[in-house]
Amino acid sequence: MVAASLAGLMFACGGSSDSTSSTTSPSGTCTTGSNVTTIVITSAGAVCPVNITVARGAQVTFVNQDSRGHDMFSDPHPEHNDCPEINQVGHLEPGQTRQTGNLVIARKCGFHDHNLPDNKSLQGAITIQ
Ligand SMILES: [Cu+2]
C-alpha cells in the first residue's frame, strides 16, 4: 500500500493535508496527515512531520533514520520538564525506534534534539487533544 503510489506525491513533508500519505524524498520517508503517531528523523537530519496531533493516551513513536544518533527530549531546553513523557525517547542510535510514555494531558508538547538544541530541523511539537 505504501509503495503503490509514490510517484505522484509531493516531496515536501509536513503538509496540511487531511489524508494520511507516505512521502519519499532523498531525505527519507515519513508519513503525514491525520492519525499519525510516528515522527521520523530523516537521513537529512530533520524531524518529519514537524507537528502532529494525537489523542489523549496515545504514545508517539520516534524513528531514527539518520546515520547519527539523536537525543530527543521535551522542551524547554535544558530543563525538559514540559512533557516528561517525551523524555522516555531520549537517545536513539541510527535505525533505532523508541516511544514516548502515555500522553494523557491535553496540551502542546515541543521537543528537540538535546545535543543540537539550536537546530530548528530537529524541533517539533506534539499536540495532545
Ligand atoms: Cu535539551
# chains A, B, ... in the order shown; residues from 1 in each chain; ligands from 1

call {"tool": "residues_near_ligand", "arguments": {"ligand": "ligand 1", "cutoff": "10 Å", "atoms": "only C-alpha atoms and all ligand atoms", "output": "MDAnalysis selection string"}}
result
chainID A and resid 71:81 87 90 111:118

call {"tool": "write_last_selection", "arguments": {"atoms": "C-alpha atoms", "output": "PDB file, in the first residue's frame"}}
result
ATOM      1  CA  ASP A  71      18.683  12.683  21.733  1.00  0.00           C
ATOM      2  CA  MET A  72      15.033  13.667  21.752  1.00  0.00           C
ATOM      3  CA  PHE A  73      13.690  15.459  24.811  1.00  0.00           C
ATOM      4  CA  SER A  74      10.773  17.632  25.840  1.00  0.00           C
ATOM      5  CA  ASP A  75      11.022  21.391  25.695  1.00  0.00           C
ATOM      6  CA  PRO A  76      12.173  23.587  27.279  1.00  0.00           C
ATOM      7  CA  HIS A  77      15.885  23.036  26.857  1.00  0.00           C
ATOM      8  CA  PRO A  78      17.688  22.230  29.079  1.00  0.00           C
ATOM      9  CA  GLU A  79      15.095  21.544  31.798  1.00  0.00           C
ATOM     10  CA  HIS A  80      12.930  19.130  29.752  1.00  0.00           C
ATOM     11  CA  ASN A  81      10.063  19.449  32.203  1.00  0.00           C
ATOM     12  CA  ASN A  87      11.994  12.224  27.727  1.00  0.00           C
ATOM     13  CA  GLY A  90      15.961  10.010  24.857  1.00  0.00           C
ATOM     14  CA  PHE A 111      10.590  18.597  21.590  1.00  0.00           C
ATOM     15  CA  HIS A 112      14.168  18.993  20.406  1.00  0.00           C
ATOM     16  CA  ASP A 113      17.471  17.195  19.980  1.00  0.00           C
ATOM     17  CA  HIS A 114      19.234  17.842  23.255  1.00  0.00           C
ATOM     18  CA  ASN A 115      22.696  17.719  21.664  1.00  0.00           C
ATOM     19  CA  LEU A 116      21.654  20.135  18.905  1.00  0.00           C
ATOM     20  CA  PRO A 117      19.248  22.424  20.749  1.00  0.00           C
ATOM     21  CA  ASP A 118      19.564  25.240  18.231  1.00  0.00           C
TER      22      ASP A 118
END

call {"tool": "residues_around", "arguments": {"residues": "segment 58-64 of chain A", "least_positions_apart": "3", "cutoff": "7 Å", "atoms": "only C-alpha atoms", "output": "MDAnalysis selection string"}}
result
chainID A and resid 37:42 54:55 92:103

call {"tool": "closest_residue", "arguments": {"among": "A:Arg56, A:Asn35, A:Pro49, A:Ile126", "to": "Ile86 of chain A", "atoms": "only C-alpha atoms"}}
result
A:Ile126

call {"tool": "closest_residue", "arguments": {"among": "A:Leu122, A:Gly110, A:Gln65, A:Thr29", "to": "Ser43 of chain A", "atoms": "only C-alpha atoms"}}
result
A:Gln65

call {"tool": "atom_distance", "arguments": {"atom1": "atom CA of Gly45 of chain A", "atom2": "atom CA of Ser121 of chain A"}}
result
7.0 Å
